[in-house]
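**Q** First the structure, which I've put down as structure tokens, then a few questions once you've had a look.
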Amino acid sequence: MADYAPVDLTAENLVSFELNGEKVQAPAGTMLVDACHALGVEVPIFCYEPRIGPPVGACRMCLVEVEGMRGLQTACSTPVQPDMVVRTTSELATQGQESVLELLLANHPLDCPVCDKGGECPLQDRTFRFGPGKSRFHESKRHFLKPVELSSRIALDRERCISCFRCVRFSQEVAQDGQLTMQERGGRSEIATFSGDAYEARFTGNIIDVCPVGALTSIPYRFVARPWDVTNTPSVCGLCPVGCNTELTLREGVVRRVSGRDEPNYAVEEGWLCDVGRWAYDSADHTGRLHRAVVRDANGARETNMADALSAATLVLQRADGPVGILLGPAATVEEAAIALDLAGGALRGAVVARLGIPAGPLAPLRATRRAEMGDIDDAQTVIVVGGDPSLQQPVVELRLRKAALRRGARIVTVGSRRTGLADVAEHVDAAPGALHAAISDIAARIAASAEPVVLWDEAELAAEPAAADALATAIAANGAARQIELGQDPNGAGLRALGIPATGLRDALAAGRLGALITVHADPRSAPGRDAWDAALGDVPVVSVATHVDATTDRATVVLPSLTLWEQEGTLVSMTGRAQRVRRGADGPDGAAPGWEILIALGHYLGAPPAYRTPGAAFAAAAKAHPGLGGLTYDDMGTLGAPLPPPAADHLAGDAGESVAAGSAGLALVAVRDVHAGRAAQGSEALLAFHAPAAARVSAATAERARLTDGATARISSPHGEATLPVRVAPGLPDDAVFVALGTPGAAPESLLGPDRGPVRVELRP
Amino acid sequence: MTADEIRAYLEPRRHEFADPRSLVMPALKYAQTTRGHLSREDLDAVAEATGFTPSFVESVASFYDRLYTQPVGNRVVSVCITLSCMLRGSDEVWDHLCEKEGIDHHHGGTSADGRITIQEAQCLGYCDKAPCIQVDADETLGPFTPDSAAALVDELRAAPDPEEYWR
Amino acid sequence: MPIMNNVYRQRAAEKPLVTLDDYRAAGGYTALPKALADVEPDDLQYVFMRSGLRGRGGAGFPMGKKASFLPKDSKKAKYVVCNADESEPGTFKDRDIMAFNPFQLLEGITLAGYAIGAERGYIYIRGEYEHQARVLDDAVRQARAAGLLGEGILKSTLNFDITVYRGAGAYICGEETALLESLEGKRGQPRLKPPFPAVAGLYQSPTLINNVETLAALPPIVENGADWYAALGPEKSPGSKVFSISGHVMRPGNYEIVLGETTLRELIFVHAGGLRPGRRVKAVWVGGSSVPVLGEGHLDTPLDYESIQAAGSALGSGGCIVMDDSGCIVRASLRLATFYRHESCGKCSPCREGTTWLEKLLMRMIAGEARMEDLEMMETLFGRISGKTLCPLAEGAVAPIKSALNMFRDDFVRVVENGSPRPEPMMAGA
Ligand SMILES: Cc1cc2nc3c(=O)[nH]c(=O)nc-3n(C[C@H](O)[C@H](O)[C@H](O)COP(=O)(O)O)c2cc1C
Ligand code: SF4
Ligand code: SF4
Ligand code: FES
Ligand code: FES
């Protein structure tokens with residue numbers, strides 16, 4: 001909960017005023033509550049939440065005295081003016097604050113001992129510090145049926161609600177899902193959904209964070225822990241490349257809760273999380289978690305301990321017939337990657353290191369243009385989203401764009417082949433799938449005509465159209481004030497690229513028989529886009545797999561080294577805007593598993609050439625020295641809010657280019673989306689049951705009809721890269737002659753249809 | 001009521017408002033005319049016809065006394081109980097009607113046959129006719145005695161229902 | 001038939017003027033042509049200002065001055081909103097102006113629209129006044145057909161039209177910013193001020209909001225001149241005002257009087273026919289229910305803003321509720337507490353919670369379940385609510401009850417000791 005807006009006391013437009021008898025200064029126009037907070041004077045509040053929108057003045061908790069104004073004023077809606085005289089602790093102000101608290105408590109159940117919020121509750125806290133002591137009103141309180149389930153994830157206890165409107169305003173004005181409203185009137189007011197339907201949307205969990213009392217609680221967290229027996233750790237979400245700053249609540253070595261931080265990172269997520277980032281933590285333990293190491297030989301697979309498995313891995317690597325490949329997954333940390341590079345320069349000299357992702361070459365000029373951070377969207381008058389659908393792939397971006405549209409009237413333009421999650425606030429420029437190039441002159445004209453536009457572009461779609469990517473880069477560069485944000489695919493794609501790691505090369509080397517073994521680090525090439533090509537390239541090459549969960553690669557690996565997840569281990573991720581941020585150790589994880597970085601260091605030891613460091617911090621420090629892409633950053637520089645890396649040069653990884661396969665024009669365009677709601681974490685989370693859905697091929701009604709398929713029927717889809725069988729879903733808002741699939745859903749394999757280096761694909765659709 | 005019917009009703013009014021949200025209330029009042037209350041389907045239809053979410057539409061409906069999100073009787077009898085009417089005997093009228101219709105004195109409610117809802121109303125603006133009664137949104141009548149009020153209810157029960165429920 | 005003298009009499013004396021012909025025959029629609037032909041909008045605002053007309057909705061703010069607050073250079077559309085929500089207990093004057101003289105209101109709104117440069121006016125009428133709303137709808141239709149509303153009114157360049165907008169049962173929608181929210185299709189909950197409606201009102205555009213009676217007074221003012229109106233009654237409270245009187249009086253109804261010329265006693269005993277034989281005045285809520293109560297000792301107060309204020313109450317809406325000595329002040333207070341609890345919009349906590357508690361406290365007193373400390377508790381509660389809320393509704397809940405406790409403390413003490421049986425009401429025909 002970010003109760004107060006940040007205030008820059010060093011700004012240029014400071015004005016002087018008097019606060020509780022002292023001369024102070026704050027920027028003109030700052031709300032009094034925020035100015036007071038910045039100056040170390042707390043004015044209690046409940047309804048004010050600067051992130052949600054302008055003040056509403058509902059709770060009346062923030063009453064203060066301002067000389068010359070009659071009665072008491074709400075400090076949350078009174079801007080600082082030169083020479084005003086403010087008293088927040090005078091008798092009158094204190095009487096005002098006590099009054100409001102006493103009245104609020106009059107109807108509050110005061111069941112703090114059994115309330116999940118007890119111990120971290122603003123109402124409890126403010127009663128203690130600003131309340132009148134004991135309330136003298138002893139009438140009967142209002143009663144409701146005990147907690148109702150607002151959804152499968154959120155419980156609502158209406159007796160505790162103080163009607164501050166924060167949650168309904170979040171729903172109406174921030175997420176704009178319009179589902180949560182205040183119903184009835186007066187003392188009967190209660191927050192509710194339409195006819196009691198479940199509150200299901202992409203960002204619902206934030207209402208728990210903004211609720212100043214224990215009225216809204218996370219169902220998986222209910223009664224699990226009390227504030228005094230938990231510890232809170234700041235971390236970063238590793239599920240998509242936005243890199244939302246989170247807080248992990250831990251008890252007995254287990255993550256019990258993920259929430260937005262009290263002190264949000266305004267440059268990134270502004271304190272909001274998507275529901276996947278908030279609740280998918282339980283997927284760490286879902287079926288398929290690797291608890292013990294596995295060694296596979298002619299007699300089959302056997303579970304074993306880490307030391308034994310490391311010895312086995314060492315043997316595999318030492319006996320390899322040729323150099324080793326090291327493949328890093330999309331969320332492998334900077335530390336894990338840096339250690340891999342060090343192994344390739346030491347114990348595994350000559351190893352080929354690559355990342356599982358989209359080749360960087362075609363996007364190099366675009367990435368070199370002026371970069372923005374998410375926070376910069378707040379100042380933009382025009383935002384152009386080229387390709388993609390951030391609502392599904394980089395969810396929290398949606399909230400920033402909605403804020404720009406609703407609160408500042410910014411113009412949002414989406415360009416692409418389908419209705420996005422922003423359709424209700426954006427102007428849409430249609431471009432057929434794989435044909436952004438056709439819209440590029442329109443986009444360029446809009447960029448040229450806008451004052452300080454921010455351009456968001458989809459990594460996968462622009463990588464598939466290098467000419468469009470170049471043209472976009474040119475258009476951005478031409479407007480000296482334009483800035484861009486990459487809507488990336490991979491949680492640490494930017495970090496791996498900063499270390500100079502290409503996406504190409506390794507598979508070709510494997511296919512050519514030049515490599516003797518492969519180490520995968522959080523990488524599952526056998527399920528990744530182009531999986532058929534990977535399978536073919538891998539052949540019988542022995543694989544050592546560092547992984548958290550069972551997957552298609554660990555299923556056939558010679559040695560599986562069980563690793564901790566990003567909720568359990570230290571590391572650094574670089575967000576899509578180039579911000580390096582630290583992931584902190586949260587849960588303990590399975591006894592048989594170890595941090596990925598530690599496993600890699602241990603491999604160095606076993607191979608007889610250990611790296612010169614033992615901790616992730618030291619590994620990062622060494623990497624920062626060795627790789628200019630990390631800008632010489634230290635953990636200290638990153639602090640709790642991270643720090644930006646230097647922007648890449650225009651020729652950085654320019655040679656990282658895949659085979660360009662012409663897609664031709666026959667068949668239907670395939671659009672593959674990395675939808676976090678469809679990914680393994682969400683699909684494996686019990687809390688996110690509401691998002692569970694089988695993988696499907698989504699098409700327009702006309703496309704289905706032409707292929708003689710009906711909704712729900714099974715389709716055989718084939719492309720030059722492979723085949724897949726998926727149920728068909730007829731969906732509105734999709735263009736004809738295109739098939740949409742989500743990547744990463746466990747058990748489905750639309751990845752077969754793609755090339756390993758991505759690029760445009762056309763498919764045949766048959767019953 | 002269907003969204004199309006509501007749209008047809010709103011169409012000639014649309015140009016009168018710079019923001020279509022202003023149509024929500026007229027739409028709700030109109031949607032209520034067929035059933036006498038707003039069912040889930042009616043609220044959905046209003047949402048569809050006006051372009052706002054069902055939850056928003058319901059939150060508006062639930063704010064106002066004369067929009068009913070729960071079923072009510074064929075005729076709604078509002079007995080004013082505010083000060084001027086109280087001074088002139090509205091409590092006696094109220095008690096008598098509740099007793100006659102077998103309805104809870106504290107909250108009002110609907111008669112067992114579903115025909116008549118008796119509800120408390122706040123000042124109806126007819127204090128000169130106190131104690132006064134309004135049936136649906138017909139012109140408010142008064143003054144009443146307990147007996148004349150009972151006679152009114154009997155008349156309502158005997159009379160055919162209105163074609164449209166304006167409440 | 002309401003008894004309306006002076007300003008409203010001219011048109012409403014004989015029969016309801018619900019056809020345009022009748023209204024014209026009674027001298028209607030002479031002010032508008034005159035203004036369109038001879039008076040510039042700014043000068044018209046000046047006429048309003050000089051007339052001294054004060055808002056008749058409750059707060060008594062000078063009408064012309066309010067009109068002058070609208071920004072002159074705004075590019076946004078401007079609006080006139082007529083507040084016809086009339087839900088203040090004891091108040092029913094706007095009802096009769098609309099039912100008996102709808103065209104005078106339309107003409108007044110059109111004059112206001114012309115003066116501020118608006119092209120549309122809204123009449124926000126409480127949902128319970130469906131009958132009056134239909135009268136207005138019909139009047140609007142007639143006026144439109146006659147070229148008195150619509151484009152190029154009376155062949156001038158003035159475009160102006162009026163929409164009748166029905167509320168749906170919520171007293172709070174009489175509060176001007178709640179009204180605007182409701183007119184925008186939302187829950188009627190008051191907005192934070194500033195910005196004031198004059199700057200950011202309906203659809204965030206400059207908006208002039210006035211009560212029915214205020215706007216209906218404009219045609220005679222324009223017709224007869226500001227000086228004529230200003231000369232009626234005392235200097236600071238000029239003009240005439242319709243008082244609605246009800247409760248324990250023999251002839252409840254609407255009476256228009258010139259401010260300052262009539263005392264409360266005359267209103268009750270001359271106009272409203274006095275009380276039942278043998279009864280004495282116990283309590284009078286002179287300006288609707290949201291004002292401090294007055295007692296028998298205040299009966300000689302002249303009815304104008306200043307005098308009533310000096311007596312410790314307020315002229316408010318002019319809804320005068322009279323209770324004789326057969327009534328119980330604690331019961332009356334409870335009934336008002338119930339009203340405000342029911343009507344609190346629930347947006348701000350002191351009002352939502354405070355009105356709930358006030359009602360509960362008074363219920364216990366009536367039932368004889370209270371203790372003497374509860375009287376002090378009630379005083380504390382007034383202090384907890386008063387001055388803390390977002391809009392004046394809660395102040396309106398406190399004012400009549402707090403003053404009653406001050407003035408009739410003995411009655412409260414007796415009720416706390418013994419409870420209060422329901423007194424015999426004054427029944428119809430009595
Ligand atoms: C709770 C509350 C209810 C009100 N109800 C009404 C009303 O029914 N009619 C009205 O004209 N003014 C009402 N007012 C006053 C309006 O807010 C506003 O002051 C008035 O419409 C301005 O018009 P006037 O200046 O012509 O009086 C109410 C105010 C409050 C606080
Ligand atoms: S549930 Fe919480 S956030 Fe929502 S209105 Fe109630 S107290 Fe405020
Ligand atoms: S004082 Fe009462 S009516 Fe006014 S805003 Fe607050 S809760 Fe609503
Ligand atoms: S914090 Fe200022 S009114 Fe709620
Ligand atoms: S008190 Fe009943 S109509 Fe006014």
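By order in the structure tokens, chains are A, B, ...; within a chain, residues start at 1; ligands start at 1, following the order shown.
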As a quick test: using only C-alpha atoms and all ligand atoms, which residues lie no more than 6 Å away from ligand 1? Give them as a list of chain:residue names.
**A**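 Selection of residues at most 6 Å from ligand 1: C:Gly55, C:Arg56, C:Gly57, C:Gly58, C:Ala59, C:Gly60, C:Phe61, C:Met63, C:Asn83, C:Ala84, C:Asp85, C:Glu86, C:Ser87, C:Glu88, C:Ile172, C:Gly174, C:Glu175, C:Glu176, C:Ile209, C:Asn210, C:Asn211, C:Thr214, C:Cys391, C:Pro392, C:Leu393.
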**Q** Where does chain A meet ligand 2 within 6 Å, residue by residue, with the nearest atom pair and distance in Å to one decimal for each, counting only C-alpha atoms and all ligand atoms, listed by chain and rising number, as a Markdown table?
**A**
```
| residue | atom | partner | partner_atom_place_in_ligand_line | distance |
| --- | --- | --- | --- | --- |
| A:Cys161 | CA | ligand 2 | 6 (Fe) | 3.7 |
| A:Ile162 | CA | ligand 2 | 7 (S) | 4.3 |
| A:Ser163 | CA | ligand 2 | 5 (S) | 3.8 |
| A:Cys164 | CA | ligand 2 | 8 (Fe) | 3.9 |
| A:Phe165 | CA | ligand 2 | 5 (S) | 4.1 |
| A:Arg166 | CA | ligand 2 | 3 (S) | 4.5 |
| A:Cys167 | CA | ligand 2 | 4 (Fe) | 4.2 |
| A:Val210 | CA | ligand 2 | 3 (S) | 5.8 |
| A:Cys211 | CA | ligand 2 | 3 (S) | 3.5 |
| A:Pro212 | CA | ligand 2 | 7 (S) | 5.7 |
| A:Val213 | CA | ligand 2 | 7 (S) | 5.5 |
| A:Ala215 | CA | ligand 2 | 1 (S) | 4.8 |
| A:Leu216 | CA | ligand 2 | 1 (S) | 5.4 |
```
**Q** Determine the nearest neighbour of ligand 3 from the options C:Leu70, C:Val284, C:Ile116, C:Ala397, counting only C-alpha atoms and all ligand atoms.
**A**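 Closest residue, counting only C-alpha atoms and all ligand atoms: C:Ala397.
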**Q** Please, which residues have at least one atom within 6 Å of an atom of ligand 4, using only C-alpha atoms and all ligand atoms, listed as a VMD selection string?
**A** chain A and resid 45 to 48 57 to 62 74 to 76
**Q** Grab the residues selected above and save them as a PDB file, in the first residue's frame with N, CA, C and O atoms.
**A**
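Saved as out-v2.pdb:
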```
ATOM      1  N   ILE A  45      -4.621   8.643   7.113  1.00  0.00           N
ATOM      2  CA  ILE A  45      -5.536   8.576   5.962  1.00  0.00           C
ATOM      3  C   ILE A  45      -6.117   7.173   5.854  1.00  0.00           C
ATOM      4  O   ILE A  45      -5.565   6.217   6.411  1.00  0.00           O
ATOM      5  N   PHE A  46      -7.190   7.052   5.151  1.00  0.00           N
ATOM      6  CA  PHE A  46      -7.695   5.734   4.740  1.00  0.00           C
ATOM      7  C   PHE A  46      -8.053   5.692   3.260  1.00  0.00           C
ATOM      8  O   PHE A  46      -7.658   4.818   2.538  1.00  0.00           O
ATOM      9  N   CYS A  47      -8.838   6.667   2.824  1.00  0.00           N
ATOM     10  CA  CYS A  47      -9.318   6.550   1.443  1.00  0.00           C
ATOM     11  C   CYS A  47      -8.311   7.055   0.425  1.00  0.00           C
ATOM     12  O   CYS A  47      -8.321   6.646  -0.724  1.00  0.00           O
ATOM     13  N   TYR A  48      -7.457   7.957   0.825  1.00  0.00           N
ATOM     14  CA  TYR A  48      -6.494   8.521  -0.124  1.00  0.00           C
ATOM     15  C   TYR A  48      -5.540   7.441  -0.611  1.00  0.00           C
ATOM     16  O   TYR A  48      -5.002   6.674   0.180  1.00  0.00           O
ATOM     17  N   GLY A  57     -11.990  12.249  -0.737  1.00  0.00           N
ATOM     18  CA  GLY A  57     -12.434  12.896   0.503  1.00  0.00           C
ATOM     19  C   GLY A  57     -13.525  12.137   1.234  1.00  0.00           C
ATOM     20  O   GLY A  57     -14.392  12.738   1.849  1.00  0.00           O
ATOM     21  N   ALA A  58     -13.501  10.828   1.173  1.00  0.00           N
ATOM     22  CA  ALA A  58     -14.610  10.049   1.717  1.00  0.00           C
ATOM     23  C   ALA A  58     -14.434   9.702   3.193  1.00  0.00           C
ATOM     24  O   ALA A  58     -15.371   9.814   3.966  1.00  0.00           O
ATOM     25  N   CYS A  59     -13.247   9.269   3.590  1.00  0.00           N
ATOM     26  CA  CYS A  59     -13.135   8.728   4.949  1.00  0.00           C
ATOM     27  C   CYS A  59     -13.055   9.827   6.000  1.00  0.00           C
ATOM     28  O   CYS A  59     -13.415   9.619   7.136  1.00  0.00           O
ATOM     29  N   ARG A  60     -12.564  10.996   5.607  1.00  0.00           N
ATOM     30  CA  ARG A  60     -12.448  12.173   6.477  1.00  0.00           C
ATOM     31  C   ARG A  60     -11.411  11.974   7.581  1.00  0.00           C
ATOM     32  O   ARG A  60     -11.449  12.658   8.614  1.00  0.00           O
ATOM     33  N   MET A  61     -10.515  11.029   7.394  1.00  0.00           N
ATOM     34  CA  MET A  61      -9.537  10.730   8.437  1.00  0.00           C
ATOM     35  C   MET A  61      -8.460  11.801   8.517  1.00  0.00           C
ATOM     36  O   MET A  61      -7.825  11.976   9.545  1.00  0.00           O
ATOM     37  N   CYS A  62      -8.244  12.503   7.421  1.00  0.00           N
ATOM     38  CA  CYS A  62      -7.056  13.357   7.313  1.00  0.00           C
ATOM     39  C   CYS A  62      -7.345  14.795   7.687  1.00  0.00           C
ATOM     40  O   CYS A  62      -6.700  15.699   7.184  1.00  0.00           O
ATOM     41  N   THR A  74      -9.722  18.493   4.643  1.00  0.00           N
ATOM     42  CA  THR A  74      -9.118  17.191   4.377  1.00  0.00           C
ATOM     43  C   THR A  74      -7.762  17.421   3.716  1.00  0.00           C
ATOM     44  O   THR A  74      -7.679  17.959   2.609  1.00  0.00           O
ATOM     45  N   ALA A  75      -6.727  16.993   4.414  1.00  0.00           N
ATOM     46  CA  ALA A  75      -5.374  17.254   3.919  1.00  0.00           C
ATOM     47  C   ALA A  75      -5.086  16.482   2.634  1.00  0.00           C
ATOM     48  O   ALA A  75      -4.174  16.814   1.890  1.00  0.00           O
ATOM     49  N   CYS A  76      -5.883  15.458   2.358  1.00  0.00           N
ATOM     50  CA  CYS A  76      -5.634  14.682   1.146  1.00  0.00           C
ATOM     51  C   CYS A  76      -6.098  15.417  -0.095  1.00  0.00           C
ATOM     52  O   CYS A  76      -5.753  15.045  -1.206  1.00  0.00           O
TER      53      CYS A  76
END
```
**Q** Which residue out of C:Ser237, C:Ser386, C:Thr91, C:Gln204 has the minimum interatomic distance to Asp19 of chain B when only C-alpha atoms are used?
**A**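 Closest candidate: C:Gln204.
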**Q** Using only C-alpha atoms, find which residues of chain C lie within 6 Å of chain B and jot them down as a PyMOL selection string.
**A** chain C and resi 89-92+128+130-131+168-170+183-187+246-247+252-253+425-428
**Q** Among segment 245-382 of chain A, which residues does DSSP mark as strand (DSSP E or B) when it is run on the backbone? Keep the chain and numbering as in the structure and answer as a ChimeraX atom specification.
**A** /A:245-251,254-260,289,293-297,300-304,324-328,352-355,371,382
**Q** Write out, as a PDB file, in the first residue's frame, the residues just selected, with C-alpha atoms.
**A**
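Result file out_19.pdb:
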```
ATOM      1  CA  ASN A 245       8.890  -5.495  -7.667  1.00  0.00           C
ATOM      2  CA  THR A 246       7.301  -7.772  -5.126  1.00  0.00           C
ATOM      3  CA  GLU A 247       7.360  -8.544  -1.473  1.00  0.00           C
ATOM      4  CA  LEU A 248       7.542 -12.179  -0.409  1.00  0.00           C
ATOM      5  CA  THR A 249       5.967 -13.094   2.889  1.00  0.00           C
ATOM      6  CA  LEU A 250       7.700 -16.114   4.344  1.00  0.00           C
ATOM      7  CA  ARG A 251       6.924 -18.382   7.190  1.00  0.00           C
ATOM      8  CA  VAL A 254       7.747 -21.251   2.654  1.00  0.00           C
ATOM      9  CA  VAL A 255       6.393 -18.400   0.541  1.00  0.00           C
ATOM     10  CA  ARG A 256       2.955 -17.700   1.952  1.00  0.00           C
ATOM     11  CA  ARG A 257       2.124 -14.611   0.032  1.00  0.00           C
ATOM     12  CA  VAL A 258       3.378 -12.343  -2.721  1.00  0.00           C
ATOM     13  CA  SER A 259       2.272  -8.731  -2.629  1.00  0.00           C
ATOM     14  CA  GLY A 260       3.057  -5.388  -4.136  1.00  0.00           C
ATOM     15  CA  ARG A 289       8.776 -30.334  -8.997  1.00  0.00           C
ATOM     16  CA  ALA A 293      18.689 -35.380  -8.629  1.00  0.00           C
ATOM     17  CA  VAL A 294      18.279 -37.986 -11.358  1.00  0.00           C
ATOM     18  CA  VAL A 295      20.913 -39.976 -13.193  1.00  0.00           C
ATOM     19  CA  ARG A 296      19.961 -41.951 -16.260  1.00  0.00           C
ATOM     20  CA  ASP A 297      21.948 -44.803 -17.794  1.00  0.00           C
ATOM     21  CA  GLY A 300      17.059 -46.488 -16.614  1.00  0.00           C
ATOM     22  CA  ALA A 301      16.714 -43.518 -14.327  1.00  0.00           C
ATOM     23  CA  ARG A 302      17.530 -43.438 -10.636  1.00  0.00           C
ATOM     24  CA  GLU A 303      17.096 -40.716  -8.070  1.00  0.00           C
ATOM     25  CA  THR A 304      20.159 -39.738  -6.172  1.00  0.00           C
ATOM     26  CA  VAL A 324      30.072 -28.724 -24.676  1.00  0.00           C
ATOM     27  CA  GLY A 325      27.030 -26.534 -25.311  1.00  0.00           C
ATOM     28  CA  ILE A 326      25.386 -24.513 -22.558  1.00  0.00           C
ATOM     29  CA  LEU A 327      21.827 -23.415 -23.180  1.00  0.00           C
ATOM     30  CA  LEU A 328      20.311 -20.821 -20.889  1.00  0.00           C
ATOM     31  CA  VAL A 352      29.269 -22.823 -26.914  1.00  0.00           C
ATOM     32  CA  VAL A 353      26.872 -20.698 -24.840  1.00  0.00           C
ATOM     33  CA  ALA A 354      23.485 -19.627 -26.105  1.00  0.00           C
ATOM     34  CA  ARG A 355      20.110 -18.618 -24.782  1.00  0.00           C
ATOM     35  CA  ARG A 371      14.769   3.760 -24.253  1.00  0.00           C
ATOM     36  CA  THR A 382       0.917   9.537 -27.206  1.00  0.00           C
TER      37      THR A 382
END
```
**Q** Specify as JSON, numbers by chain all residues of chain A found within 8 Å of chain C, counting only C-alpha atoms.
**A** {"A": [56, 57, 58, 59, 60, 63, 71, 72, 95, 96, 99, 100, 103, 104, 106, 107, 136, 137, 139, 162, 163, 185, 186, 187, 188, 189]}
**Q** Give me a file of those residues, with C-alpha atoms, as a compact mmCIF listing (two decimals), in the first residue's frame.
**A**
```
# COMPACT_ATOMS: atom_id res chain seq x y z
CA VAL A 56 -12.29 11.56 -3.03
CA GLY A 57 -12.43 12.90 0.50
CA ALA A 58 -14.61 10.05 1.72
CA CYS A 59 -13.14 8.73 4.95
CA ARG A 60 -12.45 12.17 6.48
CA LEU A 63 -8.72 16.38 8.89
CA GLY A 71 -13.49 24.37 10.18
CA LEU A 72 -11.31 21.43 9.30
CA GLN A 95 -10.61 16.17 17.83
CA GLY A 96 -11.40 15.75 14.14
CA SER A 99 -13.96 11.67 15.88
CA VAL A 100 -13.56 9.90 12.59
CA LEU A 103 -17.07 6.53 14.46
CA LEU A 104 -15.30 4.07 12.21
CA ALA A 106 -18.21 2.06 16.31
CA ASN A 107 -19.24 -0.36 13.61
CA ARG A 136 -17.82 4.87 23.98
CA PHE A 137 -20.48 3.87 21.54
CA GLU A 139 -24.86 0.06 20.16
CA ILE A 162 -14.83 0.85 6.35
CA SER A 163 -16.19 1.86 2.94
CA ARG A 185 -26.60 3.30 0.13
CA GLY A 186 -25.65 4.80 3.46
CA GLY A 187 -25.00 2.42 6.32
CA ARG A 188 -26.06 -0.50 4.16
CA SER A 189 -23.35 0.19 1.57
```
**Q** Near Asp125 of chain A, counting only C-alpha atoms, which residues have an atom at most 12 Å away, once you skip same-chain residues fewer than 3 positions from it, shown as a list in words?
**A**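 Listing them by chain and then by number gives Pro44, Ile45, Phe46, Leu101, Cys112, Lys117, Gly118, Gly119, Glu120, Cys121, Pro122, Phe128, Arg129, Phe130, Gly131, Pro212 and Val213 of chain A.
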